[in-house]
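Engineer: Okay, so here is entry_32.txt, and as you'll see once you scroll down, it has compact mmCIF, C-alpha atoms.
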# COMPACT_ATOMS: atom_id res chain seq x y z
CA MET A 1 -18.18 -5.99 0.70
CA SER A 2 -15.47 -3.96 2.32
CA GLU A 3 -11.77 -4.54 2.39
CA LEU A 4 -12.16 -5.84 5.94
CA HIS A 5 -13.92 -8.93 4.66
CA ASP A 6 -11.44 -9.67 1.94
CA PRO A 7 -9.24 -12.69 2.55
CA ARG A 8 -5.69 -12.23 3.72
CA ARG A 9 -3.43 -11.85 0.72
CA MET A 10 -1.04 -14.67 -0.04
CA PHE A 11 2.13 -12.60 0.30
CA ASP A 12 1.05 -11.93 3.87
CA SER A 13 -0.22 -15.37 4.77
CA ALA A 14 1.79 -18.02 6.56
CA GLU A 15 -0.35 -20.64 4.83
CA ALA A 16 1.06 -19.83 1.42
CA PRO A 17 4.39 -21.38 0.37
CA GLU A 18 7.18 -19.08 1.41
CA GLY A 19 8.81 -18.98 -2.01
CA LEU A 20 5.53 -17.95 -3.58
CA ARG A 21 5.05 -15.21 -1.01
CA VAL A 22 8.45 -13.82 -1.92
CA LEU A 23 7.58 -13.83 -5.62
CA LEU A 24 4.29 -12.02 -5.01
CA GLU A 25 5.96 -9.41 -2.84
CA ALA A 26 8.60 -8.84 -5.51
CA ALA A 27 5.91 -8.56 -8.18
CA HIS A 28 4.11 -5.84 -6.24
CA ASP A 29 7.35 -3.83 -6.14
CA ASP A 30 7.97 -4.41 -9.83
CA ARG A 31 6.57 -1.19 -11.22
CA MET A 32 7.37 0.13 -14.66
CA ASP A 33 10.55 2.18 -14.33
CA ALA A 34 10.64 5.93 -14.82
CA ASP A 35 12.38 5.86 -18.20
CA ALA A 36 9.82 3.46 -19.61
CA VAL A 37 6.98 5.56 -18.20
CA GLU A 38 8.39 8.62 -19.96
CA ARG A 39 8.52 6.71 -23.24
CA VAL A 40 4.92 5.60 -22.75
CA ALA A 41 3.90 9.18 -21.94
CA ALA A 42 5.54 10.51 -25.08
CA GLY A 43 4.14 7.73 -27.22
CA SER A 44 0.62 8.09 -25.85
CA ALA A 45 0.65 11.83 -26.42
CA ALA A 46 1.90 11.26 -29.95
CA ARG A 47 -0.80 8.73 -30.72
CA ILE A 48 -3.51 10.98 -29.38
CA GLY A 49 -2.21 14.29 -30.62
CA ASP A 50 -0.89 13.34 -34.00
CA PRO A 51 -3.77 12.81 -36.42
CA GLN A 52 -1.43 11.14 -38.90
CA GLY A 53 -0.41 8.65 -36.28
CA SER A 54 3.24 9.38 -36.89
CA GLY A 55 4.03 8.62 -33.33
CA ALA A 56 1.98 5.54 -33.15
CA GLY A 57 3.03 3.16 -35.80
CA ASP A 58 6.74 3.65 -35.87
CA GLY A 59 7.11 4.43 -32.23
CA GLY A 60 7.85 8.04 -33.17
CA GLY A 61 7.77 9.87 -29.88
CA ALA A 62 8.18 6.76 -27.88
CA PRO A 63 10.35 4.04 -29.22
CA THR A 64 8.88 0.77 -28.17
CA GLN A 65 10.95 -2.30 -27.91
CA GLY A 66 10.66 -5.10 -30.39
CA VAL A 67 7.15 -4.42 -31.48
CA VAL A 68 5.53 -7.50 -32.86
CA GLY A 69 2.10 -6.62 -33.95
CA GLY A 70 1.51 -4.03 -31.28
CA ALA A 71 2.38 -1.05 -33.41
CA THR A 72 -0.22 -1.97 -35.94
CA SER A 73 -2.97 -1.97 -33.41
CA GLY A 74 -1.67 1.30 -32.04
CA LYS A 75 -1.89 2.86 -35.45
CA VAL A 76 -5.44 1.68 -35.84
CA LEU A 77 -6.39 3.04 -32.44
CA ALA A 78 -4.65 6.32 -33.07
CA GLY A 79 -6.38 6.65 -36.38
CA ILE A 80 -9.76 6.02 -34.83
CA ALA A 81 -9.14 8.44 -31.99
CA ALA A 82 -7.84 11.11 -34.33
CA ALA A 83 -10.65 10.62 -36.80
CA ALA A 84 -13.20 10.95 -34.06
CA LEU A 85 -11.65 14.17 -32.86
CA ILE A 86 -11.14 15.69 -36.27
CA ALA A 87 -14.72 15.03 -37.17
CA GLY A 88 -15.67 16.85 -34.03
CA GLY A 89 -17.72 13.89 -33.04
CA ILE A 90 -17.31 12.20 -29.74
CA TRP A 91 -19.03 8.97 -29.08
CA ILE A 92 -20.68 9.42 -25.82
CA GLY A 93 -23.75 7.45 -26.04
CA ALA A 94 -25.00 3.99 -26.10
CA ARG A 95 -22.56 1.53 -24.65
CA SER A 96 -23.59 -1.13 -27.07
CA SER A 97 -22.79 0.86 -30.15
CA SER A 98 -19.85 2.85 -28.86
CA ARG A 99 -18.09 -0.25 -27.67
CA ASP A 100 -18.27 -1.91 -31.04
CA ALA A 101 -17.35 1.15 -32.94
CA THR A 102 -14.62 2.68 -30.88
CA ALA A 103 -12.66 -0.21 -29.53
CA PRO A 104 -12.28 -2.79 -32.22
CA SER A 105 -9.16 -4.29 -30.77
CA VAL A 106 -10.26 -4.22 -27.17
CA PRO A 107 -12.80 -6.87 -26.41
CA GLU A 108 -15.34 -6.62 -23.69
CA ALA A 109 -14.53 -7.75 -20.24
CA PRO A 110 -15.64 -11.28 -19.86
CA VAL A 111 -18.83 -11.41 -17.96
CA ALA A 112 -19.52 -14.43 -15.85
CA SER A 113 -20.98 -17.15 -17.94
CA ALA A 114 -24.26 -18.73 -17.10
CA HIS A 115 -22.34 -21.66 -15.68
CA GLU A 116 -20.31 -19.42 -13.46
CA GLN A 117 -23.23 -17.40 -12.37
CA ALA A 118 -25.02 -20.54 -11.39
CA ALA A 119 -21.98 -21.93 -9.72
CA THR A 120 -21.28 -19.09 -7.38
CA PRO A 121 -20.77 -20.38 -3.88
CA GLU A 122 -24.03 -19.11 -2.53
CA GLN A 123 -26.07 -20.56 -5.33
CA ALA A 124 -24.21 -23.82 -5.36
CA GLY A 125 -24.53 -24.18 -1.64
CA VAL A 126 -20.78 -24.21 -1.29
CA GLN A 127 -18.81 -21.67 0.63
CA PRO A 128 -15.25 -21.56 -0.61
CA ASP A 129 -13.08 -20.01 2.01
CA PRO A 130 -10.15 -18.24 0.42
CA ASN A 131 -8.51 -18.15 3.81
CA THR A 132 -8.12 -21.89 4.01
CA ALA A 133 -4.74 -23.44 3.35
CA PHE A 134 -3.86 -22.66 -0.24
CA GLY A 135 -3.76 -25.65 -2.47
CA ALA A 136 -4.71 -27.97 0.35
CA SER A 137 -8.41 -27.54 0.10
CA THR A 138 -10.58 -29.72 -2.03
CA PRO A 139 -12.20 -27.59 -4.66
CA PRO A 140 -15.88 -27.19 -4.15
CA ALA A 141 -18.06 -29.48 -6.16
CA SER A 142 -18.84 -26.83 -8.68
CA ALA A 143 -15.23 -25.89 -9.27
CA GLU A 144 -14.92 -28.10 -12.31
CA VAL A 145 -17.88 -26.47 -13.86
CA VAL A 146 -16.29 -23.12 -13.37
CA ALA A 147 -12.86 -24.23 -14.44
CA THR A 148 -14.04 -25.81 -17.65
CA ALA A 149 -16.67 -23.34 -18.58
CA LYS A 150 -15.38 -21.27 -21.43
CA PRO A 151 -15.55 -17.62 -20.65
CA SER A 152 -18.46 -16.45 -22.62
CA VAL A 153 -19.32 -12.94 -23.42
CA VAL A 154 -22.87 -12.31 -22.41
CA ALA A 155 -24.34 -9.20 -23.82
CA ARG A 156 -25.07 -6.77 -21.06
CA PRO A 157 -28.20 -4.75 -21.27
CA ALA A 158 -27.50 -1.47 -22.95
CA ARG A 159 -27.59 0.82 -19.96
CA SER A 160 -27.58 3.85 -22.15
CA ALA A 161 -30.94 2.86 -23.51
CA GLU A 162 -32.27 3.72 -20.09
CA ARG A 163 -30.36 6.96 -19.82
CA PRO A 164 -31.30 10.18 -21.52
CA VAL A 165 -28.85 11.42 -24.08
CA GLU A 166 -28.51 14.72 -22.24
CA ALA A 167 -27.44 12.88 -19.12
CA GLU A 168 -24.77 11.09 -21.11
CA LYS A 169 -23.51 14.38 -22.47
CA ALA A 170 -23.45 15.88 -19.01
CA ASP A 171 -21.47 12.91 -17.73
CA GLY A 172 -18.91 13.29 -20.44
CA ALA A 173 -18.51 17.01 -19.88
CA ALA A 174 -18.19 16.47 -16.14
CA ARG A 175 -15.45 13.87 -16.60
CA ILE A 176 -13.45 16.25 -18.72
CA GLU A 177 -13.96 19.21 -16.40
CA GLU A 178 -12.99 17.08 -13.45
CA HIS A 179 -9.85 15.94 -15.17
CA ARG A 180 -8.82 19.42 -16.24
CA LEU A 181 -9.38 20.87 -12.78
CA LEU A 182 -7.06 18.36 -11.19
CA MET A 183 -4.51 18.74 -13.96
CA ALA A 184 -4.45 22.45 -13.14
CA ALA A 185 -4.02 21.62 -9.46
CA ARG A 186 -1.14 19.31 -10.23
CA GLN A 187 0.56 21.93 -12.35
CA GLU A 188 0.26 24.46 -9.52
CA LEU A 189 1.94 22.15 -7.00
CA GLY A 190 5.44 23.26 -7.86
CA ARG A 191 4.88 27.01 -7.91
CA ASP A 192 1.89 27.64 -5.66
CA PRO A 193 0.87 24.73 -3.42
CA GLN A 194 -1.74 26.86 -1.67
CA ARG A 195 -3.44 27.45 -4.99
CA ALA A 196 -3.14 23.72 -5.73
CA LEU A 197 -4.85 22.93 -2.43
CA ALA A 198 -7.61 25.41 -3.20
CA LEU A 199 -8.20 23.72 -6.54
CA THR A 200 -8.53 20.34 -4.86
CA GLN A 201 -11.09 21.88 -2.50
CA GLU A 202 -12.95 23.21 -5.49
CA HIS A 203 -12.84 19.74 -7.01
CA ALA A 204 -14.26 18.20 -3.84
CA ARG A 205 -17.05 20.76 -3.82
CA ARG A 206 -17.96 20.50 -7.47
CA PHE A 207 -17.45 16.75 -7.87
CA PRO A 208 -18.29 15.13 -4.52
CA LYS A 209 -18.79 11.81 -6.31
CA GLY A 210 -16.09 12.33 -8.90
CA ILE A 211 -14.05 9.54 -10.38
CA LEU A 212 -10.77 11.23 -9.44
CA ALA A 213 -11.21 11.38 -5.68
CA GLN A 214 -8.03 9.40 -5.03
CA GLU A 215 -6.01 11.56 -7.39
CA ARG A 216 -7.40 14.67 -5.70
CA GLU A 217 -6.29 13.45 -2.29
CA VAL A 218 -2.77 12.69 -3.51
CA ILE A 219 -2.42 16.25 -4.80
CA ALA A 220 -3.90 17.75 -1.62
CA ILE A 221 -1.52 15.77 0.60
CA GLU A 222 1.46 16.81 -1.46
CA ALA A 223 0.28 20.44 -1.38
CA LEU A 224 -0.04 20.37 2.40
CA SER A 225 3.39 18.87 2.69
CA ARG A 226 4.93 21.51 0.40
CA MET A 227 3.25 24.21 2.48
CA GLY A 228 5.03 22.86 5.55
CA ARG A 229 1.84 21.55 7.12
CA GLY A 230 3.33 18.19 7.93
CA LYS A 231 0.79 17.13 10.55
CA ASP A 232 -2.14 18.00 8.31
CA ALA A 233 -0.50 16.07 5.49
CA ARG A 234 0.02 13.02 7.67
CA ASP A 235 -3.52 13.15 9.06
CA ARG A 236 -4.95 13.37 5.59
CA ALA A 237 -2.66 10.59 4.41
CA GLN A 238 -3.92 8.40 7.22
CA GLY A 239 -7.48 9.09 6.15
CA PHE A 240 -6.51 8.19 2.59
CA ARG A 241 -5.03 4.85 3.66
CA GLU A 242 -8.18 3.99 5.59
CA GLN A 243 -10.51 4.96 2.78
CA TYR A 244 -8.49 3.47 -0.08
CA PRO A 245 -6.48 0.60 1.43
CA GLY A 246 -5.64 -0.95 -1.93
CA SER A 247 -4.86 2.24 -3.79
CA PRO A 248 -1.95 2.13 -6.20
CA HIS A 249 -1.27 5.73 -5.18
CA ARG A 250 -0.40 4.71 -1.66
CA ASP A 251 3.34 4.92 -2.22
CA SER A 252 2.99 8.50 -3.48
CA VAL A 253 0.90 9.39 -0.44
CA ASP A 254 3.44 7.84 1.92
CA THR A 255 6.29 9.70 0.27
CA ALA A 256 4.48 13.04 0.26
CA SER A 257 3.27 12.83 3.83
CA LYS A 258 6.67 11.92 5.22
CA SER A 259 8.62 14.58 3.41
CA THR A 260 7.78 17.35 5.89
CA PRO A 261 8.37 17.14 9.64
CA MET B 1 -27.31 4.64 -30.55
CA THR B 2 -24.88 7.30 -31.61
CA VAL B 3 -25.08 10.76 -30.19
CA LEU B 4 -24.65 13.58 -32.60
CA PRO B 5 -21.40 15.51 -32.26
CA ASP B 6 -21.33 18.14 -29.57
CA PRO B 7 -18.78 20.74 -30.76
CA ALA B 8 -18.27 22.24 -27.32
CA LEU B 9 -17.59 18.89 -25.80
CA ALA B 10 -15.32 17.95 -28.66
CA GLU B 11 -13.34 21.09 -28.09
CA ARG B 12 -12.89 20.29 -24.43
CA GLN B 13 -11.97 16.72 -25.25
CA GLN B 14 -9.36 17.94 -27.68
CA ALA B 15 -7.92 20.13 -24.98
CA VAL B 16 -7.36 17.10 -22.78
CA CYS B 17 -4.41 16.26 -24.88
CA CYS B 18 -0.70 15.83 -25.06
CA GLU B 19 0.59 17.49 -21.89
CA ASP B 20 -2.39 16.31 -19.87
CA VAL B 21 -1.97 12.82 -21.21
CA ARG B 22 1.68 12.86 -20.23
CA GLU B 23 0.69 13.78 -16.68
CA VAL B 24 -1.88 11.03 -16.51
CA VAL B 25 0.68 8.51 -17.72
CA ARG B 26 3.27 9.69 -15.22
CA THR B 27 0.78 9.29 -12.40
CA HIS B 28 -0.64 5.93 -13.39
CA GLY B 29 1.98 4.45 -15.72
CA PRO B 30 4.07 2.66 -13.09
CA PHE B 31 1.24 0.42 -11.91
CA ILE B 32 -0.35 0.12 -15.33
CA GLY B 33 2.93 -1.28 -16.62
CA ARG B 34 3.16 -3.68 -13.70
CA SER B 35 -0.36 -4.99 -14.11
CA LEU B 36 0.04 -5.46 -17.87
CA ARG B 37 3.24 -7.40 -17.29
CA TYR B 38 1.68 -9.85 -14.83
CA LEU B 39 -1.51 -10.08 -16.84
CA GLY B 40 0.67 -11.70 -19.47
CA VAL B 41 1.69 -9.03 -21.97
CA PRO B 42 5.11 -10.02 -23.34
CA GLU B 43 7.92 -7.80 -22.11
CA ALA B 44 8.66 -6.66 -25.65
CA ASP B 45 5.09 -5.43 -26.10
CA LEU B 46 4.73 -3.84 -22.69
CA GLU B 47 5.27 -0.18 -23.55
CA ASP B 48 3.14 -0.44 -26.65
CA ALA B 49 0.34 -2.05 -24.66
CA ALA B 50 0.57 0.67 -22.01
CA GLN B 51 0.24 3.30 -24.71
CA GLU B 52 -2.80 1.48 -26.00
CA VAL B 53 -4.37 1.63 -22.53
CA PHE B 54 -3.92 5.39 -22.31
CA VAL B 55 -5.19 5.96 -25.84
CA VAL B 56 -8.34 4.01 -24.96
CA VAL B 57 -8.70 5.95 -21.72
CA HIS B 58 -8.36 9.26 -23.50
CA ARG B 59 -10.87 8.26 -26.13
CA LYS B 60 -13.43 6.98 -23.67
CA LEU B 61 -13.05 9.52 -20.90
CA ALA B 62 -15.96 11.58 -22.13
CA GLY B 63 -18.22 8.56 -22.21
CA PHE B 64 -17.14 7.16 -18.88
CA GLU B 65 -20.12 7.03 -16.59
CA GLY B 66 -18.10 7.31 -13.42
CA ARG B 67 -19.57 4.25 -11.75
CA SER B 68 -16.14 3.40 -10.36
CA SER B 69 -12.93 5.23 -9.56
CA LEU B 70 -10.50 6.06 -12.32
CA THR B 71 -8.01 3.51 -11.07
CA THR B 72 -10.61 0.74 -11.07
CA TRP B 73 -11.60 1.71 -14.58
CA LEU B 74 -7.94 1.73 -15.67
CA TYR B 75 -7.49 -1.78 -14.33
CA GLY B 76 -10.51 -2.87 -16.34
CA VAL B 77 -9.03 -1.41 -19.52
CA CYS B 78 -5.71 -3.11 -18.68
CA THR B 79 -7.26 -6.54 -18.40
CA ARG B 80 -9.03 -6.15 -21.74
CA VAL B 81 -5.92 -4.89 -23.53
CA ALA B 82 -3.80 -7.65 -22.01
CA SER B 83 -6.33 -10.32 -22.88
CA ALA B 84 -6.57 -9.13 -26.50
CA ARG B 85 -2.80 -9.07 -26.83
CA ARG B 86 -2.38 -12.51 -25.36
CA ARG B 87 -4.92 -13.84 -27.81
CA ARG B 88 -3.16 -12.16 -30.70
CA THR B 89 0.17 -13.54 -29.59
CA SER B 90 -1.10 -17.07 -29.17
CA SER B 91 -2.96 -17.07 -32.47
CA ARG B 92 -0.10 -15.59 -34.46
CA VAL B 93 1.09 -18.29 -36.79
CA GLU B 94 4.28 -16.64 -37.80
CA LYS B 95 6.19 -13.97 -36.01
CA LEU B 96 7.79 -11.33 -38.13
CA THR B 97 10.70 -11.10 -35.77
CA PRO B 98 11.90 -13.41 -33.09
CA GLU B 99 11.08 -12.47 -29.51
CA PRO B 100 13.79 -9.96 -28.70
CA PRO B 101 16.02 -11.10 -25.91
CA ASP B 102 16.17 -9.08 -22.75
CA ALA B 103 18.70 -6.30 -22.88
CA PRO B 104 22.14 -7.52 -21.87
CA VAL B 105 22.74 -6.98 -18.21
CA PRO B 106 26.15 -6.48 -16.71
CA PRO B 107 26.86 -9.29 -14.27
CA GLU B 108 27.27 -6.85 -11.41
CA GLN B 109 23.63 -5.85 -11.61
CA GLU B 110 22.61 -8.60 -9.30
CA ALA B 111 19.38 -6.99 -8.18
CA HIS B 112 18.28 -6.67 -11.78
CA LEU B 113 19.04 -10.31 -12.44
CA GLU B 114 17.14 -11.34 -9.34
CA ARG B 115 14.13 -9.34 -10.46
CA GLN B 116 14.27 -10.98 -13.89
CA GLU B 117 14.41 -14.39 -12.29
CA SER B 118 11.50 -13.62 -9.97
CA ARG B 119 9.47 -12.47 -12.93
CA ARG B 120 10.31 -15.57 -14.93
CA ARG B 121 9.28 -17.91 -12.13
CA LEU B 122 6.04 -16.11 -11.33
CA MET B 123 5.14 -15.87 -15.02
CA ALA B 124 5.63 -19.61 -15.36
CA VAL B 125 3.04 -20.04 -12.62
CA LEU B 126 0.59 -17.40 -13.84
CA ASP B 127 0.72 -18.71 -17.40
CA ARG B 128 -1.11 -21.79 -16.15
CA LEU B 129 -4.22 -19.75 -15.38
CA ASP B 130 -6.92 -18.87 -17.84
CA ASP B 131 -7.57 -15.18 -18.50
CA ASP B 132 -10.44 -14.81 -16.03
CA LYS B 133 -8.67 -16.35 -13.07
CA ARG B 134 -5.40 -14.65 -13.90
CA ALA B 135 -7.08 -11.25 -13.93
CA VAL B 136 -8.67 -11.75 -10.52
CA PHE B 137 -5.46 -13.15 -9.06
CA VAL B 138 -3.25 -10.36 -10.41
CA LEU B 139 -5.58 -7.55 -9.38
CA TYR B 140 -6.06 -8.93 -5.89
CA GLU B 141 -2.73 -10.53 -5.00
CA ILE B 142 -0.30 -8.28 -6.87
CA GLU B 143 -2.15 -5.00 -7.40
CA ARG B 144 -3.79 -5.41 -3.98
CA GLN B 145 -7.15 -4.05 -4.98
CA SER B 146 -10.17 -4.84 -2.84
CA MET B 147 -12.37 -7.65 -4.10
CA LYS B 148 -15.16 -5.18 -4.64
CA ASP B 149 -12.93 -3.13 -6.95
CA VAL B 150 -11.67 -6.28 -8.66
CA ALA B 151 -15.24 -7.32 -9.44
CA GLU B 152 -16.04 -3.82 -10.70
CA ALA B 153 -12.95 -3.67 -12.88
CA LEU B 154 -13.73 -7.03 -14.44
CA GLY B 155 -17.46 -6.44 -14.72
CA CYS B 156 -18.42 -9.63 -12.92
CA PRO B 157 -20.50 -10.31 -9.81
CA LEU B 158 -18.59 -10.16 -6.54
CA GLN B 159 -19.30 -13.79 -5.73
CA THR B 160 -17.93 -14.83 -9.11
CA ALA B 161 -14.77 -12.87 -8.41
CA TYR B 162 -14.39 -14.63 -5.06
CA TYR B 163 -14.90 -17.96 -6.70
CA ARG B 164 -12.31 -17.26 -9.38
CA LEU B 165 -9.85 -16.12 -6.72
CA HIS B 166 -10.33 -19.32 -4.78
CA ALA B 167 -9.81 -21.46 -7.87
CA ALA B 168 -6.85 -19.34 -9.01
CA ARG B 169 -5.12 -19.65 -5.65
CA ASP B 170 -5.35 -23.42 -5.71
CA ALA B 171 -4.05 -23.53 -9.26
CA VAL B 172 -1.21 -21.14 -8.47
CA VAL B 173 -0.03 -23.14 -5.46
CA HIS B 174 -0.21 -26.33 -7.47
CA ALA B 175 1.76 -24.80 -10.34
CA PHE B 176 4.31 -23.34 -7.93
CA GLU B 177 4.90 -26.70 -6.28
CA GLU B 178 5.39 -28.27 -9.70
CA LEU B 179 7.80 -25.53 -10.68
CA ARG B 180 9.79 -26.07 -7.53
CA ALA B 181 9.85 -29.82 -8.01
CA GLY B 182 11.04 -29.35 -11.59
CA GLU B 183 13.80 -27.01 -10.46
CA GLY B 184 14.83 -29.53 -7.83
CA ARG B 185 15.18 -32.24 -10.45
CA ALA B 186 17.17 -30.03 -12.83
For the file at hand, write its structure as structure tokens.
Structural biologist:
Amino acid sequence: MSELHDPRRMFDSAEAPEGLRVLLEAAHDDRMDADAVERVAAGSAARIGDPQGSGAGDGGGAPTQGVVGGATSGKVLAGIAAAALIAGGIWIGARSSSRDATAPSVPEAPVASAHEQAATPEQAGVQPDPNTAFGASTPPASAEVVATAKPSVVARPARSAERPVEAEKADGAARIEEHRLLMAARQELGRDPQRALALTQEHARRFPKGILAQEREVIAIEALSRMGRGKDARDRAQGFREQYPGSPHRDSVDTASKSTP
Amino acid sequence: MTVLPDPALAERQQAVCCEDVREVVRTHGPFIGRSLRYLGVPEADLEDAAQEVFVVVHRKLAGFEGRSSLTTWLYGVCTRVASARRRRTSSRVEKLTPEPPDAPVPPEQEAHLERQESRRRLMAVLDRLDDDKRAVFVLYEIERQSMKDVAEALGCPLQTAYYRLHAARDAVVHAFEELRAGEGRA
């Protein structure tokens, strides 16, 4: 279903209480501040790059505030990540096994329980309309079932069992290559935006269905802007907004595309 | 099934390190921090939780099948990290240290105080939701993701996501009206 069919968001709907709309608007603008992001960046790099986990447990590279329990889990994660790298072994394969083994403190996303699955509007013969007045509508008959059903974790079929190991390896290698190509493009932005743009074109050619398409576009728009091609940057930014209306990178795109006349 | 180590891949994975990670965090950190906050991670744990997200992302990048965009995937990791942390917090019998108070704010920083107050009020409302509904509500109403991406991030059918959103909206409005009534009485 496309964005066009999504219900109007509450912050933008006259049917939602005004005070709530204000809170939701403020929440959207409430991003992590730059200083905190830098601390997270330093701490993440320390956890990943330091096999002894010196930056993880004690906050080494990134002092975290009042850690209550979080540092411990970080140390465990860092240890696992480092151990995996040191051993030269990357877990690429079967989702079922890699999930259990590599993310002990990160549970699976809850999958709709049988109750929920059965109680979806179509199946229950009820059509909840999220556009109706908020809080004024009577919950559909099956709402209670959904509300009281405990989120259960239903084992998903192990997709990797259907996928050849070589395909899994190729996927992993592609992800890393894709990432590195765009990192190189980003690093070129400051000194050679033309080169940065060329790298994004290479990315588009080599990874037409890549997972970093949004990130690629942000870099390309900024490169165009830095090259003084303001109209091209704005046109591309407009295309970005249409293709990714809910992108969290939208602010960066807006800033980049407006910085050159 | 575990795949035997691939040295070449391991080498490349190792190269995606440190400086690259910093760049990824700088690009995505601002909204990752926001989503963790409204998904219910305590303010004192926020930076640690964000680090945890990026460590998980780094570790799993090679195994990511690319069935969704990176941002959608990141949101999925966020919801799982936040959910695990909320569970740990609620099940913790004894805290080693009291919840640290917010940093003292000079009275003149009115905007900061207003933001704190907005957070407090919205958290009071969101805390009434269970994890599943909260995740859908936060990703759609605050992060402004499409419902298709929300369903992908959470690994649930689209119709289920719509249903949770509907139920979450009703619960949020109800909780907000109660909050307002309580404030009026105080």
Engineer: With only C-alpha atoms as the atoms that count, which of B:Glu110, B:Asp170, B:Asp149, B:Glu183 lies nearest to Trp73 of chain B?
Structural biologist: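 Ranking B:Glu110, B:Asp170, B:Asp149, B:Glu183 by distance to Trp73 of chain B, first place goes to B:Asp149.
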Engineer: Neighbours of Gln214 of chain A within 9 Å (only C-alpha atoms; same-chain residues fewer than 5 positions away dropped), as a VMD selection string?
Structural biologist: (chain A and resid 219 240 244 247 249) or (chain B and resid 69 to 71)
Engineer: Out of B:Ala168, B:Ala84, B:Leu129, B:Leu39, which residue has the shortest atom-to-atom distance to chain A when counting only C-alpha atoms?
Structural biologist: B:Ala84
Engineer: Quick one, how far is atom CA of Ala181 of chain B from atom CA of Glu15 of chain A?
Structural biologist: 18.8 Å
Engineer: Could you tell me how far atom CA of Tyr38 of chain B sits from atom CA of Val150 of chain B, in Å to one decimal place?
Structural biologist: 15.1 Å
Engineer: Report, in Å with one decimal, the straight-line distance from atom CA of Arg169 of chain B to atom CA of Arg88 of chain B.
Structural biologist: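 Atom-to-atom, atom CA of Arg169 of chain B to atom CA of Arg88 of chain B, that is 26.2 Å.
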Engineer: Between B:Arg86, B:His58, B:Arg22, B:Arg67, single out the one closest to chain A, counting only C-alpha atoms.
Structural biologist: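 Going through B:Arg86, B:His58, B:Arg22, B:Arg67 one by one, the smallest distance to chain A is for B:Arg22.
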Engineer: Using all atoms listed in the file, pick whichever of A:Gly246, A:Arg241, A:Leu182, A:Ala14 has the shortest atom-to-atom distance to chain B.
Structural biologist: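 Using all atoms listed in the file, the shortest distance to chain B belongs to A:Gly246.
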Engineer: Do a neighbour search on Leu189 of chain A at 12 Å with all atoms listed in the file, toss out local chain neighbours closer than 4 positions, and write the hits as a list in words.
Structural biologist: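 With the cut-off at 12 Å, the set is Leu182, Met183, Ala184, Ala185, Pro193, Gln194, Arg195, Ala196, Leu197, Ala198, Leu199, Thr200, Val218, Ile219, Ala220, Ile221, Glu222, Ala223, Leu224, Ser225, Arg226, Met227 and Ala256 of chain A.
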Engineer: From the list B:Gln145, B:Ser35, B:Thr72, B:Thr27, which residue is nearest chain A when using all atoms listed in the file?
Structural biologist: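 Nearest to chain A: B:Gln145.
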